[in-house]
Structures are given as structure tokens and as C-alpha cells.
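K.L.:
Quick one: structure below, then a few questions.
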Amino acid sequence: MKRAGQKVVAGTEAPGTSQTSKKQKTGLHGSGFGECDPYTLMDWGNLPHHVILRVFQFLTLVDRARASSVCRRWNEVFHIPDLWRRFEFELSQPATSYLKSTHPDLIQQIIKRHADHLQYVSFKVDSSTESAEAACDILSQLVNCSIKTLGLISTAKPSFMNVSKAHFASALTVVFVNSKSLSSIKIDDTPLDDPSLKVLVANNSDTLKLLKMSSCPHVSPAGILCVADQCHGLKELALNYYILSDELLLALSSEKHVDLEHLRIDVVSENPGQVQFHTIKKQSWDALVKHSPKVNIVMYFFLYEDEFDAFFREETPVTHLYFGRAVSKAMLGRIGMNCPRLIELVVCANGLQPLDDELIRIAERCKNLTAMGLGECEVTCRGFIEFVKMCGGRLTQLSIMEEVLIPDSDYSLDRLHLEVSKHLGRMWFPDMMPTW
């Protein structure tokens with residue numbers, strides 16, 4: 001009973017405690033940091049640099065900055081170059097954007113202390129011109145950089161297009177001239193021009209592997225041809241159809257050039273009825289595929305029905321096709337006849353004419369087709385089951401809205417999903433429109 005009221009002092013050895021049990025206790029928290037008293041708090045300021053660095057790599061930038069103020073040792077780790085290889089500048093106007101902007105003081109600290117450490121850099125800007133201009137100002141100060149990857153991203157409308165071409169070109173030139181090792185560039189929806197591309201090629205031709213520059217109206221076919229002629233290591237390219245040419249495809253097919261892996265082409269109608277789209281020769285497509293037999297050729301179409309005349313009149317080695325607007329039955333029929341390498345087809349809309357014959361032709365001739373998506377179209381249940389039966393289990397992705405399927409005398413919607421599931425070798429249901 002007396003023991004119940006007796007005070008126990010931490011660290012006091014109880015009578016009869018052996019030296020062995022003492023060592024076991026003191027070793028509980030000793031792994032990796034030496035032995036310490038289990039009742040003594042860890043001194044976090046004395047953690048090894050590599051441990052703090054690993055912790056910092058999991059923190060957001062804001063939390064990392066806060067942690068750097070804990071002590072001098074953590075602040076030293078905060079400035080280790082490895083933490084500044086990859087950085088995303090977020091630039092926004094508080095009154096008009098939901099983005100959290102990178103603090104100006106931190107930006108200046110990065111420019112002053114870590115510009116030569118940056119390797120993977122992106123700029124995420126809102127829809128304001130001020131944010132895009134601020135991004136250009138930062139680029140202009142990266143004179144000691146060794147950037148390998150550069151991305152310019154507009155989260156809403158393309159605000160970089162509102163920056164003067166001279167200001168934008170001047171900022172990019174700083175990076176293009178000083179980096180010397182750029183391998184990946186994503187600068188869609190910007191005032192990039194031919195002279196800027198020439199500077200890029202003059203300084204980074206041996207390292208450039210990926211270039212995405214869709215919706216850059218100041219770039220001409222001659223400008224992109226300069227890239228293809230000189231950057232023999234280019235593996236991925238994204239551009240608008242208006243700068244695609246036979247000469248470009250032949251340049252990408254030269255003996256000096258590595259195999260192209262991915263070619264994305266955006267076919268967009270800016271002025272309906274006022275643009276006459278040119279035709280690429282079959283011989284040029286054939287040369288590219290002969291040189292790079294595994295190349296993925298992806299085409300995104302945003303045209304009106306009367307603007308498709310120049311496409312798929314001859315065999316075209318496209319592998320992925322996406323139609324963001326309505327496409328005619330005749331156009332889908334041409335795809336079935338002339339796109340033998342097709343892997344994926346997505347049709348946003350067609351109209352009120354059943355596409356049974358067109359889908360069956362695609363199933364017959366496109367032996368590599370593995371993915372299909374249909375939006376505002378019409379297909380009879382009988383025709384759809386025949387299409388699936390012909391494709392079989394190779395259809396790994398099949399996204400069809402329930403409204404697309406028209407019941408007939410042979411199949412109801414309830415029976416359809418069982419038949420389709422049987423031919424696919426897995427359970428399948430049509431997609432349903434949300435009711436909220």
C-alpha cells in the first residue's frame with residue numbers, strides 16, 4: 001500500500017534491475033542514430049543531412065520553406081542542389097485565379113541561389129497577361145541555367161499568346177542559348193517563331209528529344225523543317241497540321257535520324273470554310289513508317305463536316321484518331337478503307353444515321369484496333385454485336401454511351417450486354433449518362 005503513493009522518478013534504476021535489461025531499454029531507439037535513453041526526446045536538429053533531405057523531398061514547397069526555419073541545419077538542407085533540380089513556378093493574379101502563386105521572395109531566392117541547379121522547370125500561369133509576362137521575366141533571368149526540360153502551361157485560355165512576340169522570344173532565347181542540354185520542351189499556345197527555333201537548334205540540336213508546340217501560329221513549315229533537319233535525336237513531336245509537310249516527314253525519315261516514337265498532329269479549324277487543308281502524299285507517310293515502323297501517329301480533329309475532303313483519300317498510317325466534332329458516315333467509311341494501322345478511334349458525334357456498315361468495315365480492315373469510343377452516334381444492337389464479334393478480345397477499351405445503341409428485333413439492351421461480354425471475354429456494360 002505504501003508503494004501506491006510512492007513517486008517514480010524517470011531514469012531511476014529500480015531495485016534488482018540487471019545491467020542487461022538496462023542495455024536492452026537504452027537500445028530501443030538506437031537504430032541508425034546511436035543508443036539513447038528511451039525517455040529522452042530525439043534531437044531532430046541533429047538528424048543526418050541525407051535523412052532530412054529525404055523528408056524534404058516529400059514535402060510541398062510551402063511546407064519545405066516552413067521547415068527550413070526550424071534550425072540552421074534544416075536551412076542548410078533546404079538549399080542542397082538536389083532539392084532544386086525540379087521546380088514548378090506558379091504565377092497568378094489573386095483577384096482572378098484559384099492558383100496559389102509562388103511567393104516573389106522565393107522566386108528571387110531561386111534565381112539568386114539555384115538558377116544553375118534547375119533542370120526540370122515548368123511555368124503554370126493563369127489566364128492573365130500579367131502572369132505570362134511574369135513568367136517571361138523569370139526566364140530572362142535564368143542566365144546560368146542548365147535546364148533539360150521546359151514546360152509553359154496555361155491553365156485556362158492561352159495567356160502567353162497575349163505577350164508580345166519580341167518579349168517572349170527574348171526570354172526563350174536566354175534559356176535556349178545558356179542551357180545547351182535541352183531534351184524536352186512543351187510550349188503549346190505560345191508566340192514561338194522561326195528565329196527562336198533556329199536559336200534552339202543552334203544550341204541544343206544534339207540533345208533535343210521531345211518538342212510539343214501545337215497552336216504556335218508564328219511557326220512556319222520552314223521553321224519546323226529546320227528542327228527536323230538538325231535534331232537527329234528527336235523522338236516525339238507535336239504540332240499543328242498546317243506546318244506538317246512532305247518535306248518534314250522525309251526529313252524525319254532520313255538515315256541520320258533516330259526512329260520517331262510519337263507524332264501528334266492537331267487538325268483545327270480556326271475560320272470555318274476559309275481554310276483549304278493540304279494533302280500529304282502517301283509516299284511521305286510510307287517513308288516515315290519504313291524508317292520508324294513502331295511510330296504512333298496521333299491525330300486530333302476539330303473540323304466541320306465539309307472540311308474533311310483532304311484527309312484519308314489514300315492509305316494513311318495513323319494509329320490513334322480523335323474526332324472532337326461531328327464526322328460524316330463517308331469519312332468513317334474512308335477510315336475503314338485507308339487506316340490499316342489504327343489502334344484507337346474516338347468519335348464524339350456523327351448524327352442520326354446508323355454506323356453499322358462503317359464499324360464492320362473498320363473491324364474487318366483495322367486488325368490492330370484495341371480501343372473504341374462513341375458519343376452522339378447511332379448503331380443498331382445487331383450491328384454493334386457484329387462489330388464486337390469481329391474484333392473479339394483484342395478490344396481492351398470499349399466506351400459506348402447507352403443512348404448510341406438502338407434496340408432491334410434480335411437484341412434488346414439487356415441481352416446486348418450479355419452478348420458483348422461473351423465476345424469480349426469479360427463483363428461489359430454501356431456507359432450511362434449521369435442523372436444529376
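Chain lettering (A, B, ...) mirrors the order of the C-alpha cells, residue numbering begins at 1 for each chain separately, and ligand numbering begins at 1 in order of display.
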Fewer than 3 positions away in the same chain doesn't count, so skip those; otherwise give me all residues within 8 Å of Leu83 of chain A, counting only C-alpha atoms, as a short mmCIF file (atom, residue, chain, number, x, y, z; two decimals) with C-alpha atoms, in the first residue's frame.

P.N.:
data_model
loop_
_atom_site.label_atom_id
_atom_site.label_comp_id
_atom_site.auth_asym_id
_atom_site.auth_seq_id
_atom_site.Cartn_x
_atom_site.Cartn_y
_atom_site.Cartn_z
CA LEU A 53 16.81 15.68 -47.43
CA PHE A 56 12.07 17.40 -47.54
CA GLN A 57 11.54 15.62 -50.86
CA PHE A 78 16.79 23.41 -47.77
CA HIS A 79 19.47 24.79 -50.12
CA ILE A 80 21.04 21.48 -51.16
CA ARG A 86 12.80 20.15 -60.37
#

K.L.:
Could you tell me, as a PDB file with C-alpha atoms, in the first residue's frame, which residues of segment 123-227 of chain A DSSP assigns to strand (DSSP E) when given the backbone?

P.N.:
ATOM      1  CA  PHE A 123       5.677  27.535 -65.524  1.00  0.00           C
ATOM      2  CA  LYS A 124       1.980  27.245 -64.709  1.00  0.00           C
ATOM      3  CA  VAL A 125       0.135  30.510 -65.346  1.00  0.00           C
ATOM      4  CA  THR A 149      13.062  20.043 -69.508  1.00  0.00           C
ATOM      5  CA  LEU A 150      10.987  23.204 -70.017  1.00  0.00           C
ATOM      6  CA  GLY A 151       7.201  23.460 -69.946  1.00  0.00           C
ATOM      7  CA  LEU A 152       4.954  26.507 -70.340  1.00  0.00           C
ATOM      8  CA  ILE A 153       1.416  25.712 -69.228  1.00  0.00           C
ATOM      9  CA  SER A 154      -1.666  27.938 -69.376  1.00  0.00           C
ATOM     10  CA  SER A 184      12.227  18.124 -73.659  1.00  0.00           C
ATOM     11  CA  ILE A 185      10.228  21.271 -74.492  1.00  0.00           C
ATOM     12  CA  LYS A 186       6.460  21.770 -74.197  1.00  0.00           C
ATOM     13  CA  LEU A 210      10.802  15.917 -77.407  1.00  0.00           C
ATOM     14  CA  LEU A 211       9.161  19.053 -78.839  1.00  0.00           C
ATOM     15  CA  LYS A 212       5.488  19.892 -78.294  1.00  0.00           C
TER      16      LYS A 212
END

K.L.:
List as a PDB file with C-alpha atoms, in the first residue's frame the protein and nucleic acid residues near segment 305-315 of chain A, meaning an atom at most 7 Å away when only C-alpha atoms are counted, but skip any in the same chain fewer than 5 places from it.

P.N.:
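Resulting contents of result_39.pdb:
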ATOM      1  CA  PHE A 277      -6.301  21.909 -95.919  1.00  0.00           C
ATOM      2  CA  HIS A 278      -3.410  20.484 -97.933  1.00  0.00           C
ATOM      3  CA  THR A 279      -2.851  16.785 -98.622  1.00  0.00           C
ATOM      4  CA  LYS A 282       1.226   8.601 -99.450  1.00  0.00           C
ATOM      5  CA  ALA A 326     -19.270  15.622 -85.840  1.00  0.00           C
ATOM      6  CA  VAL A 327     -17.796  13.448 -88.576  1.00  0.00           C
ATOM      7  CA  SER A 328     -19.741  12.072 -91.539  1.00  0.00           C
ATOM      8  CA  ARG A 334     -12.709   6.148 -95.625  1.00  0.00           C
ATOM      9  CA  ILE A 335     -11.072   5.420 -92.277  1.00  0.00           C
ATOM     10  CA  ASN A 338      -7.409   3.521 -95.583  1.00  0.00           C
ATOM     11  CA  CYS A 339      -6.193   3.289 -91.944  1.00  0.00           C
TER      12      CYS A 339
END

K.L.:
Check segment 81-286 of chain A with DSSP on the backbone and list each residue it calls alpha helix (DSSP H), as a ChimeraX atom specification.

P.N.:
/A:104-113,129-140,165-179,194-204,221-230,246-252,282-286

K.L.:
Near Leu369 of chain A, within 8 Å and counting only C-alpha atoms, which residues show up once chain neighbours fewer than 6 positions away are dropped, as a PyMOL selection string?

P.N.:
chain A and resi 341-345+363+391+394-395

K.L.:
Can I get the selected residues back with N, CA and C atoms, as a PDB file, in the first residue's frame?

P.N.:
ATOM      1  N   ARG A 341      -3.386   0.711 -89.793  1.00  0.00           N
ATOM      2  CA  ARG A 341      -2.609   0.687 -88.538  1.00  0.00           C
ATOM      3  C   ARG A 341      -3.408   1.194 -87.347  1.00  0.00           C
ATOM      4  N   LEU A 342      -4.689   1.510 -87.542  1.00  0.00           N
ATOM      5  CA  LEU A 342      -5.483   2.148 -86.498  1.00  0.00           C
ATOM      6  C   LEU A 342      -5.562   1.292 -85.239  1.00  0.00           C
ATOM      7  N   ILE A 343      -5.254   1.914 -84.085  1.00  0.00           N
ATOM      8  CA  ILE A 343      -5.303   1.249 -82.784  1.00  0.00           C
ATOM      9  C   ILE A 343      -6.475   1.763 -81.953  1.00  0.00           C
ATOM     10  N   GLU A 344      -6.733   3.064 -82.026  1.00  0.00           N
ATOM     11  CA  GLU A 344      -7.795   3.663 -81.203  1.00  0.00           C
ATOM     12  C   GLU A 344      -8.597   4.647 -82.038  1.00  0.00           C
ATOM     13  N   LEU A 345      -9.923   4.613 -81.855  1.00  0.00           N
ATOM     14  CA  LEU A 345     -10.828   5.525 -82.555  1.00  0.00           C
ATOM     15  C   LEU A 345     -11.858   6.056 -81.576  1.00  0.00           C
ATOM     16  N   ALA A 363     -13.756  -2.959 -88.401  1.00  0.00           N
ATOM     17  CA  ALA A 363     -13.383  -4.217 -87.739  1.00  0.00           C
ATOM     18  C   ALA A 363     -12.692  -5.163 -88.710  1.00  0.00           C
ATOM     19  N   CYS A 391     -14.027  -8.113 -83.754  1.00  0.00           N
ATOM     20  CA  CYS A 391     -12.818  -7.629 -83.054  1.00  0.00           C
ATOM     21  C   CYS A 391     -12.397  -8.594 -81.951  1.00  0.00           C
ATOM     22  N   ARG A 394      -9.501  -8.560 -78.447  1.00  0.00           N
ATOM     23  CA  ARG A 394      -8.461  -7.532 -78.567  1.00  0.00           C
ATOM     24  C   ARG A 394      -8.982  -6.142 -78.198  1.00  0.00           C
ATOM     25  N   LEU A 395     -10.317  -5.976 -78.093  1.00  0.00           N
ATOM     26  CA  LEU A 395     -10.885  -4.683 -77.688  1.00  0.00           C
ATOM     27  C   LEU A 395     -10.720  -4.524 -76.178  1.00  0.00           C
TER      28      LEU A 395
END

K.L.:
Under the rule that only C-alpha atoms are counted, which of A:Ile111, A:Cys145, A:Val55, A:Leu91 is the nearest residue to Asp126 of chain A?

P.N.:
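Checking each of A:Ile111, A:Cys145, A:Val55, A:Leu91 against Asp126 of chain A, counting only C-alpha atoms, the winner is A:Leu91.
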
K.L.:
At a cut-off of 6 Å, using only C-alpha atoms, what residues contact Asp188 of chain A? Leave out same-chain residues fewer than 4 positions from it and give the result as an MDAnalysis selection string.

P.N.:
chainID A and resid 213:215
